[in-house]
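Engineer: Below is start.csv; it holds CSV, C-alpha atoms and all ligand atoms.
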```csv
chain,number,residue,atom,x,y,z
A,65,MET,CA,-66.6,-21.1,-75.4
A,66,LYS,CA,-68.1,-24.0,-73.5
A,67,GLU,CA,-64.9,-25.0,-71.7
A,68,GLY,CA,-64.1,-23.3,-68.4
A,69,ARG,CA,-67.7,-23.2,-67.2
A,70,TYR,CA,-68.8,-24.6,-63.9
A,71,LEU,CA,-72.7,-24.5,-63.8
A,72,GLY,CA,-72.3,-21.1,-65.5
A,73,PHE,CA,-69.5,-19.8,-63.3
A,74,GLY,CA,-66.0,-19.2,-64.5
A,75,GLY,CA,-65.5,-17.9,-68.1
A,76,GLN,CA,-63.1,-15.2,-69.4
A,77,TYR,CA,-64.1,-11.7,-68.4
A,78,LEU,CA,-61.1,-9.6,-69.4
A,79,PRO,CA,-60.3,-6.4,-71.1
A,80,GLU,CA,-60.3,-6.9,-74.9
A,81,ILE,CA,-56.5,-6.4,-75.0
A,82,LEU,CA,-55.9,-9.6,-73.0
A,83,ILE,CA,-58.3,-11.8,-74.9
A,84,PRO,CA,-55.9,-12.9,-77.7
A,85,GLU,CA,-53.2,-13.8,-75.1
A,86,ILE,CA,-55.6,-15.7,-72.9
A,87,HIS,CA,-56.6,-17.7,-75.9
A,88,ARG,CA,-52.9,-18.5,-76.5
A,89,VAL,CA,-52.6,-19.7,-72.9
A,90,GLU,CA,-55.7,-21.8,-73.4
A,91,ALA,CA,-54.3,-23.3,-76.6
A,92,ALA,CA,-51.0,-24.1,-75.0
A,93,TYR,CA,-52.7,-25.7,-72.0
A,94,GLU,CA,-54.9,-27.9,-74.3
A,95,GLN,CA,-51.8,-28.9,-76.3
A,96,TYR,CA,-49.7,-29.9,-73.3
A,97,LYS,CA,-52.1,-31.1,-70.6
A,98,ASP,CA,-52.2,-34.7,-71.8
A,99,ASP,CA,-48.8,-34.6,-73.5
A,100,PRO,CA,-46.6,-37.5,-72.1
A,101,GLU,CA,-43.4,-35.5,-72.3
A,102,PHE,CA,-44.9,-32.5,-70.5
A,103,LEU,CA,-46.4,-34.7,-67.8
A,104,ASN,CA,-43.1,-36.6,-67.4
A,105,GLU,CA,-41.2,-33.4,-66.8
A,106,PHE,CA,-43.9,-32.1,-64.4
A,107,HIS,CA,-43.9,-35.3,-62.3
A,108,SER,CA,-40.2,-35.6,-62.4
A,109,LEU,CA,-39.8,-32.1,-60.9
A,110,LEU,CA,-42.5,-32.9,-58.3
A,111,LYS,CA,-40.5,-36.0,-57.3
A,112,LYS,CA,-36.9,-34.7,-57.5
A,113,TYR,CA,-37.3,-31.0,-56.5
A,114,VAL,CA,-40.5,-30.8,-54.4
A,115,GLY,CA,-40.0,-34.2,-52.6
A,116,ARG,CA,-43.3,-35.8,-53.6
A,117,PRO,CA,-45.2,-37.9,-52.9
A,118,SER,CA,-46.1,-36.1,-49.7
A,119,LEU,CA,-46.9,-38.3,-46.7
A,120,LEU,CA,-50.3,-39.4,-45.7
A,121,TYR,CA,-49.8,-39.4,-42.0
A,122,TYR,CA,-52.0,-41.3,-39.5
A,123,ALA,CA,-52.7,-38.8,-36.7
A,124,LYS,CA,-52.9,-41.3,-33.9
A,125,ASN,CA,-52.8,-38.9,-31.0
A,126,MET,CA,-55.6,-36.7,-32.4
A,127,THR,CA,-57.6,-39.7,-33.3
A,128,GLU,CA,-57.4,-41.1,-29.8
A,129,ASP,CA,-58.0,-37.7,-28.1
A,130,LEU,CA,-61.0,-36.8,-30.2
A,131,GLY,CA,-62.4,-40.3,-29.8
A,132,GLY,CA,-64.2,-40.8,-33.1
A,133,ALA,CA,-63.2,-41.1,-36.7
A,134,GLN,CA,-59.7,-42.1,-37.8
A,135,ILE,CA,-57.7,-39.0,-38.8
A,136,TYR,CA,-55.2,-38.9,-41.6
A,137,LEU,CA,-53.2,-35.7,-42.6
A,138,LYS,CA,-52.0,-35.1,-46.2
A,139,ARG,CA,-48.7,-33.4,-45.5
A,140,GLU,CA,-48.3,-30.6,-48.2
A,141,ASP,CA,-46.4,-28.8,-45.4
A,142,LEU,CA,-43.5,-31.1,-46.2
A,143,ASN,CA,-43.0,-29.9,-49.8
A,144,HIS,CA,-40.0,-27.7,-50.7
A,145,THR,CA,-41.0,-24.1,-49.9
A,146,GLY,CA,-43.4,-25.4,-47.2
A,147,ALA,CA,-46.8,-25.5,-48.9
A,148,HIS,CA,-48.9,-26.8,-51.8
A,149,LYS,CA,-48.5,-23.7,-54.0
A,150,ILE,CA,-45.3,-25.0,-55.6
A,151,ASN,CA,-47.2,-27.9,-57.4
A,152,ASN,CA,-49.2,-25.4,-59.4
A,153,VAL,CA,-46.3,-23.0,-60.0
A,154,ILE,CA,-44.1,-25.7,-61.6
A,155,GLY,CA,-47.0,-26.7,-63.9
A,156,GLN,CA,-47.7,-23.2,-65.0
A,157,ALA,CA,-44.0,-22.3,-65.4
A,158,LEU,CA,-43.5,-25.4,-67.7
A,159,ILE,CA,-46.4,-24.1,-69.9
A,160,ALA,CA,-44.8,-20.7,-69.9
A,161,LYS,CA,-41.4,-22.1,-71.0
A,162,ARG,CA,-43.1,-24.1,-73.8
A,163,MET,CA,-44.9,-20.9,-75.0
A,164,GLY,CA,-41.4,-19.3,-75.3
A,165,LYS,CA,-41.9,-16.8,-72.4
A,166,LYS,CA,-38.9,-15.4,-70.5
A,167,ARG,CA,-40.6,-13.6,-67.7
A,168,LEU,CA,-43.0,-14.8,-64.9
A,169,ILE,CA,-45.2,-12.4,-63.0
A,170,ALA,CA,-47.5,-13.1,-60.1
A,171,GLU,CA,-49.6,-11.4,-57.4
A,172,THR,CA,-49.1,-12.3,-53.8
A,173,GLY,CA,-50.8,-11.6,-50.5
A,174,ALA,CA,-48.7,-12.7,-47.6
A,175,GLY,CA,-45.9,-13.7,-50.0
A,176,GLN,CA,-46.4,-17.4,-50.2
A,177,HIS,CA,-47.3,-17.6,-53.9
A,178,GLY,CA,-44.7,-14.9,-54.7
A,179,VAL,CA,-42.0,-17.0,-53.0
A,180,ALA,CA,-43.1,-20.2,-54.8
A,181,THR,CA,-43.0,-18.3,-58.2
A,182,ALA,CA,-39.6,-16.7,-57.4
A,183,THR,CA,-38.3,-20.1,-56.5
A,184,ILE,CA,-39.3,-21.7,-59.8
A,185,ALA,CA,-38.1,-18.7,-61.8
A,186,ALA,CA,-34.7,-19.1,-60.2
A,187,LEU,CA,-34.7,-22.8,-61.0
A,188,PHE,CA,-35.7,-22.3,-64.6
A,189,GLY,CA,-33.5,-19.2,-65.1
A,190,MET,CA,-36.5,-16.9,-65.9
A,191,GLU,CA,-37.1,-13.2,-65.0
A,192,CYS,CA,-39.6,-12.8,-62.2
A,193,GLU,CA,-41.6,-9.8,-61.0
A,194,ILE,CA,-44.1,-10.0,-58.1
A,195,PHE,CA,-46.9,-7.5,-57.4
A,196,MET,CA,-47.8,-7.2,-53.7
A,197,GLY,CA,-50.0,-4.6,-51.9
A,198,LYS,CA,-48.0,-1.9,-50.1
A,199,MET,CA,-49.8,-2.9,-46.9
A,200,ASP,CA,-48.5,-6.4,-47.4
A,201,THR,CA,-44.9,-5.5,-48.3
A,202,ASP,CA,-44.8,-3.6,-45.0
A,203,ARG,CA,-46.3,-6.4,-43.0
A,204,GLN,CA,-44.3,-9.2,-44.6
A,205,ARG,CA,-40.8,-7.8,-45.0
A,206,LEU,CA,-39.2,-11.2,-44.5
A,207,ASN,CA,-41.0,-12.7,-47.5
A,208,VAL,CA,-40.2,-9.6,-49.6
A,209,TYR,CA,-36.5,-10.1,-48.8
A,210,ARG,CA,-36.8,-13.8,-49.5
A,211,MET,CA,-38.3,-13.1,-53.0
A,212,GLU,CA,-35.5,-10.6,-53.7
A,213,LEU,CA,-32.9,-13.2,-52.5
A,214,LEU,CA,-34.4,-15.6,-55.1
A,215,GLY,CA,-33.8,-13.0,-57.8
A,216,ALA,CA,-37.3,-11.5,-58.1
A,217,LYS,CA,-38.2,-7.8,-58.3
A,218,VAL,CA,-41.1,-7.0,-55.9
A,219,HIS,CA,-43.5,-4.1,-56.8
A,220,PRO,CA,-45.4,-2.6,-53.8
A,221,VAL,CA,-48.8,-1.7,-55.1
A,222,THR,CA,-50.3,1.5,-53.7
A,223,THR,CA,-53.6,1.7,-55.6
A,224,GLY,CA,-57.0,0.9,-53.9
A,225,SER,CA,-56.6,-0.4,-50.4
A,226,ALA,CA,-53.0,-1.6,-51.3
A,227,VAL,CA,-53.9,-5.3,-50.5
A,228,LEU,CA,-54.1,-8.5,-52.5
A,229,LYS,CA,-57.0,-7.6,-54.8
A,230,ASP,CA,-55.1,-4.5,-55.8
A,231,ALA,CA,-52.0,-6.5,-56.5
A,232,VAL,CA,-54.1,-8.8,-58.8
A,233,ASN,CA,-55.3,-5.7,-60.7
A,234,ALA,CA,-51.7,-4.4,-61.0
A,235,ALA,CA,-50.4,-7.7,-62.2
A,236,LEU,CA,-53.2,-8.0,-64.8
A,237,GLN,CA,-52.3,-4.5,-66.1
A,238,ASN,CA,-48.7,-5.4,-66.4
A,239,TYR,CA,-49.7,-8.6,-68.2
A,240,ALA,CA,-51.7,-6.6,-70.7
A,241,ALA,CA,-48.7,-4.4,-71.3
A,242,ARG,CA,-46.1,-7.1,-71.6
A,243,SER,CA,-47.9,-10.2,-72.7
A,244,GLU,CA,-45.5,-10.9,-75.6
A,245,ASP,CA,-42.7,-12.1,-73.3
A,246,THR,CA,-44.7,-12.6,-70.0
A,247,PHE,CA,-46.7,-15.4,-68.4
A,248,TYR,CA,-49.0,-14.6,-65.5
A,249,VAL,CA,-48.7,-17.4,-62.9
A,250,MET,CA,-52.1,-17.4,-61.1
A,251,GLY,CA,-51.8,-18.4,-57.5
A,252,SER,CA,-55.1,-20.1,-56.8
A,253,ALA,CA,-58.0,-21.8,-58.6
A,254,VAL,CA,-59.3,-18.4,-59.7
A,255,GLY,CA,-59.2,-15.9,-62.6
A,256,PRO,CA,-60.2,-16.4,-66.2
A,257,HIS,CA,-60.3,-19.8,-67.9
A,258,PRO,CA,-58.0,-21.7,-68.3
A,259,PHE,CA,-56.5,-20.8,-64.9
A,260,PRO,CA,-59.0,-22.5,-62.6
A,261,ALA,CA,-58.8,-25.7,-64.8
A,262,MET,CA,-55.0,-25.6,-64.9
A,263,VAL,CA,-54.7,-25.1,-61.2
A,264,HIS,CA,-57.2,-28.0,-60.7
A,265,ASP,CA,-55.1,-30.3,-62.8
A,266,PHE,CA,-51.8,-29.4,-61.3
A,267,GLN,CA,-53.0,-29.6,-57.7
A,268,SER,CA,-54.9,-32.8,-58.3
A,269,VAL,CA,-51.7,-34.6,-57.6
A,270,ILE,CA,-52.7,-34.2,-53.9
A,271,SER,CA,-55.8,-36.4,-54.2
A,272,LYS,CA,-54.2,-38.8,-56.8
A,273,GLU,CA,-51.6,-39.6,-54.1
A,274,SER,CA,-54.0,-39.6,-51.1
A,275,LYS,CA,-56.4,-42.0,-52.9
A,276,GLN,CA,-53.6,-44.5,-53.6
A,277,GLN,CA,-52.2,-44.0,-50.1
A,278,ILE,CA,-55.4,-44.5,-48.2
A,279,LEU,CA,-56.4,-47.6,-50.3
A,280,GLU,CA,-53.0,-49.1,-49.4
A,281,GLU,CA,-53.4,-48.2,-45.8
A,282,THR,CA,-57.1,-49.1,-45.2
A,283,GLY,CA,-58.3,-50.8,-48.3
A,284,ASN,CA,-61.2,-48.3,-48.6
A,285,LEU,CA,-61.9,-44.7,-49.7
A,286,PRO,CA,-62.1,-42.1,-47.0
A,287,ASP,CA,-65.5,-41.0,-45.7
A,288,TYR,CA,-64.6,-37.3,-45.5
A,289,VAL,CA,-62.0,-35.1,-47.2
A,290,ILE,CA,-61.5,-31.7,-45.6
A,291,ALA,CA,-59.4,-28.7,-46.7
A,292,CYS,CA,-59.2,-25.0,-46.2
A,293,VAL,CA,-60.4,-22.6,-48.9
A,294,GLY,CA,-58.9,-19.3,-49.9
A,295,GLY,CA,-59.2,-19.1,-53.6
A,296,GLY,CA,-59.6,-22.9,-53.4
A,297,SER,CA,-56.4,-24.5,-54.9
A,298,ASN,CA,-55.4,-26.9,-52.2
A,299,ALA,CA,-59.0,-27.8,-51.6
A,300,ILE,CA,-59.8,-28.5,-55.3
A,301,GLY,CA,-56.5,-30.5,-55.5
A,302,SER,CA,-57.6,-32.4,-52.4
A,303,PHE,CA,-61.1,-33.1,-53.7
A,304,ALA,CA,-60.4,-33.7,-57.4
A,305,GLU,CA,-60.1,-37.5,-57.4
A,306,TYR,CA,-63.0,-38.0,-55.1
A,307,ILE,CA,-65.6,-35.7,-56.9
A,308,GLU,CA,-66.9,-38.7,-58.8
A,309,GLU,CA,-66.9,-40.9,-55.7
A,310,ASP,CA,-70.4,-40.3,-54.2
A,311,GLY,CA,-69.6,-41.9,-50.9
A,312,VAL,CA,-66.8,-39.4,-50.0
A,313,GLN,CA,-68.1,-36.2,-48.4
A,314,LEU,CA,-66.1,-33.1,-49.3
A,315,ILE,CA,-65.8,-30.2,-46.8
A,316,GLY,CA,-64.2,-26.8,-47.5
A,317,CYS,CA,-63.3,-24.5,-44.6
A,318,GLU,CA,-63.3,-20.8,-45.2
A,319,ALA,CA,-62.2,-18.0,-43.0
A,320,ALA,CA,-64.9,-16.5,-40.9
A,321,GLY,CA,-62.4,-14.0,-39.3
A,322,LYS,CA,-64.1,-12.5,-36.2
A,323,GLY,CA,-67.4,-14.2,-37.2
A,324,ILE,CA,-69.9,-14.2,-40.1
A,325,ASP,CA,-72.1,-11.8,-38.2
A,326,THR,CA,-69.3,-9.1,-38.3
A,327,LYS,CA,-67.7,-7.1,-41.0
A,328,ASP,CA,-64.3,-8.6,-40.2
A,329,THR,CA,-64.7,-11.8,-42.3
A,330,ALA,CA,-63.6,-13.5,-45.5
A,331,ALA,CA,-66.5,-16.0,-45.6
A,332,THR,CA,-67.3,-15.8,-49.3
A,333,MET,CA,-69.4,-18.9,-49.5
A,334,ALA,CA,-71.5,-18.0,-46.4
A,335,LEU,CA,-72.0,-14.3,-47.2
A,336,GLY,CA,-71.1,-13.7,-50.9
A,337,SER,CA,-73.1,-13.1,-54.0
A,338,THR,CA,-72.6,-13.7,-57.7
A,339,GLY,CA,-70.5,-11.2,-59.5
A,340,ILE,CA,-67.6,-10.7,-62.0
A,341,PHE,CA,-64.1,-9.8,-60.8
A,342,HIS,CA,-60.6,-10.8,-61.7
A,343,GLY,CA,-61.6,-12.2,-65.0
A,344,MET,CA,-64.2,-14.7,-63.7
A,345,LYS,CA,-67.9,-15.0,-62.8
A,346,SER,CA,-68.0,-16.4,-59.3
A,347,ARG,CA,-69.1,-15.6,-55.8
A,348,PHE,CA,-67.7,-12.5,-54.1
A,349,LEU,CA,-68.0,-10.4,-50.9
A,350,GLN,CA,-69.4,-7.2,-52.4
A,351,ASN,CA,-71.8,-4.4,-51.7
A,352,LYS,CA,-75.1,-4.0,-53.5
A,353,ASP,CA,-73.4,-1.9,-56.2
A,354,GLY,CA,-70.9,-4.7,-56.9
A,355,GLN,CA,-68.0,-2.9,-55.2
A,356,ILE,CA,-65.7,-5.6,-53.6
A,357,ASN,CA,-65.7,-5.4,-49.8
A,358,PRO,CA,-62.5,-5.2,-47.7
A,359,VAL,CA,-62.1,-8.6,-46.1
A,360,TYR,CA,-60.4,-9.8,-43.0
A,361,SER,CA,-58.9,-13.1,-41.6
A,362,ILE,CA,-56.0,-13.8,-39.2
A,363,SER,CA,-54.8,-15.9,-42.1
A,364,ALA,CA,-53.3,-14.0,-45.0
A,365,GLY,CA,-53.7,-16.9,-47.3
A,366,LEU,CA,-57.5,-17.1,-46.8
A,367,ASP,CA,-58.0,-13.3,-46.9
A,368,TYR,CA,-59.4,-13.1,-50.4
A,369,PRO,CA,-62.9,-11.6,-51.3
A,370,GLY,CA,-63.8,-14.3,-53.8
A,371,VAL,CA,-63.5,-18.0,-54.4
A,372,GLY,CA,-62.8,-20.3,-57.4
A,373,PRO,CA,-65.8,-20.9,-59.8
A,374,GLU,CA,-65.5,-24.7,-59.5
A,375,HIS,CA,-66.1,-24.5,-55.7
A,376,VAL,CA,-69.2,-22.4,-56.3
A,377,ALA,CA,-70.5,-25.1,-58.6
A,378,LEU,CA,-69.6,-27.9,-56.1
A,379,MET,CA,-71.6,-26.0,-53.4
A,380,ASP,CA,-74.6,-25.2,-55.6
A,381,SER,CA,-74.9,-28.8,-56.8
A,382,GLY,CA,-74.7,-30.0,-53.2
A,383,ARG,CA,-71.6,-32.1,-54.0
A,384,ALA,CA,-69.4,-30.2,-51.4
A,385,GLN,CA,-70.2,-28.4,-48.2
A,386,TYR,CA,-68.4,-25.2,-47.1
A,387,VAL,CA,-68.2,-24.2,-43.4
A,388,PRO,CA,-66.9,-20.9,-41.8
A,389,ILE,CA,-64.2,-21.2,-39.2
A,390,THR,CA,-63.3,-18.2,-37.0
A,391,ASP,CA,-59.9,-16.8,-36.1
A,392,ASP,CA,-60.4,-18.1,-32.5
A,393,GLU,CA,-61.2,-21.7,-33.7
A,394,ALA,CA,-58.2,-21.7,-36.0
A,395,VAL,CA,-55.8,-20.4,-33.4
A,396,ASN,CA,-57.0,-23.1,-31.0
A,397,ALA,CA,-56.4,-25.7,-33.7
A,398,PHE,CA,-52.9,-24.3,-34.3
A,399,GLU,CA,-52.0,-24.9,-30.7
A,400,TYR,CA,-53.9,-28.2,-30.5
A,401,ILE,CA,-52.2,-29.9,-33.5
A,402,ALA,CA,-48.8,-28.6,-32.3
A,403,LYS,CA,-49.2,-30.2,-28.8
A,404,GLN,CA,-51.0,-33.4,-30.0
A,405,GLU,CA,-48.9,-34.3,-33.1
A,406,GLY,CA,-45.8,-32.2,-32.9
A,407,ILE,CA,-46.7,-30.4,-36.1
A,408,VAL,CA,-46.7,-26.6,-36.5
A,409,ALA,CA,-49.2,-26.2,-39.3
A,410,ALA,CA,-50.0,-23.1,-41.3
A,411,ILE,CA,-52.8,-21.0,-39.8
A,412,GLU,CA,-54.7,-21.5,-43.1
A,413,SER,CA,-54.5,-25.3,-42.7
A,414,CYS,CA,-55.7,-24.9,-39.1
A,415,HIS,CA,-59.1,-23.8,-40.4
A,416,ALA,CA,-59.5,-27.3,-41.7
A,417,ILE,CA,-58.1,-28.9,-38.5
A,418,ALA,CA,-60.7,-26.9,-36.5
A,419,GLU,CA,-63.4,-28.6,-38.5
A,420,VAL,CA,-61.8,-32.0,-37.9
A,421,GLN,CA,-61.9,-31.2,-34.1
A,422,LYS,CA,-65.7,-30.6,-34.4
A,423,LEU,CA,-66.5,-33.5,-36.8
A,424,ALA,CA,-64.3,-36.4,-35.7
A,425,PRO,CA,-66.0,-36.9,-32.2
A,426,THR,CA,-69.4,-37.1,-33.8
A,427,LEU,CA,-68.4,-40.0,-36.0
A,428,SER,CA,-67.9,-43.7,-35.3
A,429,LYS,CA,-64.4,-45.2,-35.1
A,430,ASP,CA,-64.8,-47.0,-38.5
A,431,LYS,CA,-65.1,-43.7,-40.3
A,432,VAL,CA,-62.0,-42.1,-42.0
A,433,ILE,CA,-61.2,-38.4,-42.4
A,434,ILE,CA,-58.4,-37.1,-44.7
A,435,CYS,CA,-57.5,-33.5,-43.8
A,436,THR,CA,-55.0,-31.6,-46.0
A,437,LEU,CA,-52.3,-29.7,-44.2
A,438,SER,CA,-51.7,-27.1,-47.0
A,439,GLY,CA,-48.5,-25.6,-45.4
A,440,ARG,CA,-46.2,-25.4,-42.5
A,441,GLY,CA,-46.7,-22.8,-39.8
A,442,ASP,CA,-43.3,-21.3,-39.1
A,443,LYS,CA,-44.4,-18.1,-40.9
A,444,ASP,CA,-47.3,-17.8,-38.4
A,445,VAL,CA,-45.6,-18.3,-35.1
A,446,ALA,CA,-45.0,-14.6,-34.4
A,447,SER,CA,-48.5,-13.5,-35.2
A,448,ILE,CA,-50.1,-16.3,-33.2
A,449,ALA,CA,-47.9,-15.3,-30.2
A,450,LYS,CA,-49.2,-11.8,-30.7
A,451,TYR,CA,-52.8,-13.0,-30.8
A,452,ARG,CA,-52.1,-14.5,-27.4
A,453,GLY,CA,-50.6,-11.2,-26.1
A,454,ILE,CA,-47.0,-12.4,-26.4
A,455,ASN,CA,-44.6,-10.1,-28.3
A,456,ILE,CA,-41.7,-12.1,-29.8
A,457,SER,CA,-40.7,-9.8,-32.6
A,458,GLU,CA,-37.4,-8.0,-32.2
A,459,ASP,CA,-38.4,-4.5,-33.3
A,501,LIG,C1,-52.1,-19.6,-50.1
A,501,LIG,C2,-52.4,-20.7,-49.1
A,501,LIG,C3,-53.7,-21.2,-48.9
A,501,LIG,C4,-54.9,-20.6,-49.6
A,501,LIG,O1,-55.0,-20.8,-50.9
A,501,LIG,P1,-55.8,-21.9,-51.7
A,501,LIG,O2,-55.7,-21.5,-53.1
A,501,LIG,O3,-57.2,-21.8,-51.2
A,501,LIG,O4,-55.3,-23.2,-51.4
A,501,LIG,C5,-53.9,-22.2,-47.9
A,501,LIG,N1,-52.8,-22.6,-47.2
A,501,LIG,C6,-51.6,-22.2,-47.4
A,501,LIG,C7,-50.5,-22.8,-46.6
A,501,LIG,C8,-51.3,-21.2,-48.3
A,501,LIG,O5,-50.1,-20.7,-48.5
```
Can the structure in the file be given as C-alpha cells, please?

Structural biologist:
Amino acid sequence: MKEGRYLGFGGQYLPEILIPEIHRVEAAYEQYKDDPEFLNEFHSLLKKYVGRPSLLYYAKNMTEDLGGAQIYLKREDLNHTGAHKINNVIGQALIAKRMGKKRLIAETGAGQHGVATATIAALFGMECEIFMGKMDTDRQRLNVYRMELLGAKVHPVTTGSAVLKDAVNAALQNYAARSEDTFYVMGSAVGPHPFPAMVHDFQSVISKESKQQILEETGNLPDYVIACVGGGSNAIGSFAEYIEEDGVQLIGCEAAGKGIDTKDTAATMALGSTGIFHGMKSRFLQNKDGQINPVYSISAGLDYPGVGPEHVALMDSGRAQYVPITDDEAVNAFEYIAKQEGIVAAIESCHAIAEVQKLAPTLSKDKVIICTLSGRGDKDVASIAKYRGINISED
C-alpha cells in the first residue's frame, strides 16, 4: 500500500481481524470521493443542514488593537452543533450509508465528536453508540445527556485511565466485533488509512471557502493561516488548499497545558517521538518503552497524546510550523476575543487566537492572517470561570 503515507507516517497498523474491513472502507472511499452524486449530497447537506459557507469575518477591533496584520476569522463556530466536526461526520456517515451500514460508533473525549455523530445518526435514521472514558462521562454529564437525547447509547469506558485514548481502544474493539453492520466514525485526522485522508478531504471545505472568500475580499492569498491542533482535523481542513501555495505560512497551535517543561502537557509536536498507536505511525507523547503518557490540557478537545500523520509530515518537511500555547495564554485569549469582538470562542480555538495575539503586532499592516475559530465557547464558560476562581455551577 502506497496510499495513506505521509513521509512514511500513517499506514494501517491494526489487528488482523480489522484489516479486511478497513480495506472495504478504503475501497468505498476511493469509489465515492470523486463521485459527483456523492459530492452533491455532501455539499447539499453542508449548505442546507450545517449552514455553510461559514463566514470569513474581518476582526476589525482585534486588528486595530493589536496594531499589525489584518486579522480574519473563519467562523466554524457558526456551524450547526457549534464546531467543525460536523463537516467530517456527514462525509463519513454518507460513506457508511453507501456501504450498507446501519450503525455508527465513535469515540469521544469531551463529547463534541459524540454529539456530532449522534446528530447525524438521528438525521440519517441510523443506530449510534458512543464510547467515552468514565472520567469524561462524569465530567461532561451535559454532553452525555445531549447524546442520549439525540438517540445514542453512551458507553462509559472503565479500562486504562478511563479517558479518550481508552475510549478509542474500546471503540476499535467494538468495531472488530461488529464490523458487518457498523461504521467507525473517526473524530479527527488520525487512525489508520483511509481515515486521515478522508478527514482531510471532508474538512478541506474550510480552506476551499476561505480561499475564495479572502480573494473576493482582498484580491490576494493570506500570508498566514493559523489553527489549533488536537488530532489535527480543523487545522488540516484550514491548511489543505494552501499547502501548494508557498507564500502562505501555516501555523498549528498545540496545547502546552501548564507548560512544555512540565508533565501536565499535550504538546505532541514539541515533545513527542515516533511510535505506533491507534492504527497509525505518527508522533506520540510516550515513555521510552512506548507506553502512552497521560496528557493534560485545559481544553478537552486538544487533550490527545498523538497527532495526525499528515501534520508530522508537514512539520518534518518544514512546510508548517507548530507552536505550543499554554492554558494561561489560551484563557487570556478566551477573554480577549470575547471583549474585543463579542465572540465567545471554544477554548481549543483560543489556542490559535493566542498565537494571533503574539504574531499580529510583529507584522506590517499589509499582511493578512486567517485564523480558524473551530468552535463556539458556550461549553467552556463554567470551566473558565472556575479557572478564574468563580464557581458558577449549581451543584
Ligand atoms: C475536537 C475539537 C478540536 C480539536 O480537534 P482537531 O481534530 O484537532 O480539530 C478543536 N476545536 C474544537 C472546537 C473541537 O471540538

Engineer: What gap, in Å, lies between CA of Pro260 (chain A) and CA of Leu285 (chain A)?

Structural biologist: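 These two atoms are separated by 25.8 Å.
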
Engineer: Ligand LIG 501 (chain A): which residues are within 6 Å, counting all atoms listed in the file? Reply as a ChimeraX atom specification.

Structural biologist: /A:147,176,252-253,293-299,365-366,410,412-413,438-439

Engineer: Quick one: everything within 12 Å of Ile83 (chain A), counting all atoms listed in the file, minus sequence neighbours fewer than 5 positions away in the same chain. Send it as a ChimeraX atom specification.

Structural biologist: /A:75-78,88-90,236,239-240,243,256-258,343

Engineer: Give me the residues near Ser225 (chain A) as a PyMOL selection string, where near means some atom within 10 Å (using all atoms listed in the file) and where sequence neighbours in that chain fewer than 4 positions away do not count.

Structural biologist: chain A and resi 197-199+221+229-231+358

Engineer: Show me, as a PyMOL selection string, the residues that have an atom within 7 Å of Ile433 (chain A) when counting all atoms listed in the file, minus same-chain residues fewer than 4 positions from it.

Structural biologist: chain A and resi 133-136+286-289

Engineer: What's the 8 Å shell around Leu314 (chain A), counting all atoms listed in the file, without same-chain residues fewer than 4 positions away, as a list in words?

Structural biologist: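 That gives Tyr288, Val289, Ile290, Phe303, Arg383, Ala384 and Gln385 of chain A.
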
Engineer: What's around Val432 (chain A) at 12 Å? Count only C-alpha atoms, leave out sequence neighbours fewer than 2 positions away in its own chain, and write the answer as number ranges by chain.

Structural biologist: A: 122-123, 127, 132-137, 278-279, 281-290, 311-313, 420, 423-425, 427-430, 434-435

Engineer: Output C-alpha atoms for every residue in that selection, as a PDB file, in the coordinates of the input.

Structural biologist:
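Full text of out-v1.pdb as output:
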```pdb
ATOM      1  CA  TYR A 122     -52.000 -41.300 -39.500  1.00  0.00           C
ATOM      2  CA  ALA A 123     -52.700 -38.800 -36.700  1.00  0.00           C
ATOM      3  CA  THR A 127     -57.600 -39.700 -33.300  1.00  0.00           C
ATOM      4  CA  GLY A 132     -64.200 -40.800 -33.100  1.00  0.00           C
ATOM      5  CA  ALA A 133     -63.200 -41.100 -36.700  1.00  0.00           C
ATOM      6  CA  GLN A 134     -59.700 -42.100 -37.800  1.00  0.00           C
ATOM      7  CA  ILE A 135     -57.700 -39.000 -38.800  1.00  0.00           C
ATOM      8  CA  TYR A 136     -55.200 -38.900 -41.600  1.00  0.00           C
ATOM      9  CA  LEU A 137     -53.200 -35.700 -42.600  1.00  0.00           C
ATOM     10  CA  ILE A 278     -55.400 -44.500 -48.200  1.00  0.00           C
ATOM     11  CA  LEU A 279     -56.400 -47.600 -50.300  1.00  0.00           C
ATOM     12  CA  GLU A 281     -53.400 -48.200 -45.800  1.00  0.00           C
ATOM     13  CA  THR A 282     -57.100 -49.100 -45.200  1.00  0.00           C
ATOM     14  CA  GLY A 283     -58.300 -50.800 -48.300  1.00  0.00           C
ATOM     15  CA  ASN A 284     -61.200 -48.300 -48.600  1.00  0.00           C
ATOM     16  CA  LEU A 285     -61.900 -44.700 -49.700  1.00  0.00           C
ATOM     17  CA  PRO A 286     -62.100 -42.100 -47.000  1.00  0.00           C
ATOM     18  CA  ASP A 287     -65.500 -41.000 -45.700  1.00  0.00           C
ATOM     19  CA  TYR A 288     -64.600 -37.300 -45.500  1.00  0.00           C
ATOM     20  CA  VAL A 289     -62.000 -35.100 -47.200  1.00  0.00           C
ATOM     21  CA  ILE A 290     -61.500 -31.700 -45.600  1.00  0.00           C
ATOM     22  CA  GLY A 311     -69.600 -41.900 -50.900  1.00  0.00           C
ATOM     23  CA  VAL A 312     -66.800 -39.400 -50.000  1.00  0.00           C
ATOM     24  CA  GLN A 313     -68.100 -36.200 -48.400  1.00  0.00           C
ATOM     25  CA  VAL A 420     -61.800 -32.000 -37.900  1.00  0.00           C
ATOM     26  CA  LEU A 423     -66.500 -33.500 -36.800  1.00  0.00           C
ATOM     27  CA  ALA A 424     -64.300 -36.400 -35.700  1.00  0.00           C
ATOM     28  CA  PRO A 425     -66.000 -36.900 -32.200  1.00  0.00           C
ATOM     29  CA  LEU A 427     -68.400 -40.000 -36.000  1.00  0.00           C
ATOM     30  CA  SER A 428     -67.900 -43.700 -35.300  1.00  0.00           C
ATOM     31  CA  LYS A 429     -64.400 -45.200 -35.100  1.00  0.00           C
ATOM     32  CA  ASP A 430     -64.800 -47.000 -38.500  1.00  0.00           C
ATOM     33  CA  ILE A 434     -58.400 -37.100 -44.700  1.00  0.00           C
ATOM     34  CA  CYS A 435     -57.500 -33.500 -43.800  1.00  0.00           C
TER      35      CYS A 435
END
```

Engineer: Which polymer residues, whether protein, DNA or RNA, lie within 12 Å of the coordinate (-55.8, -24.0, -29.4) when you count all atoms listed in the file? List them as a ChimeraX atom specification, using the chain letters and numbers from the file.

Structural biologist: /A:391-404,408,411,414-415,417-418,421,448-449,451-452
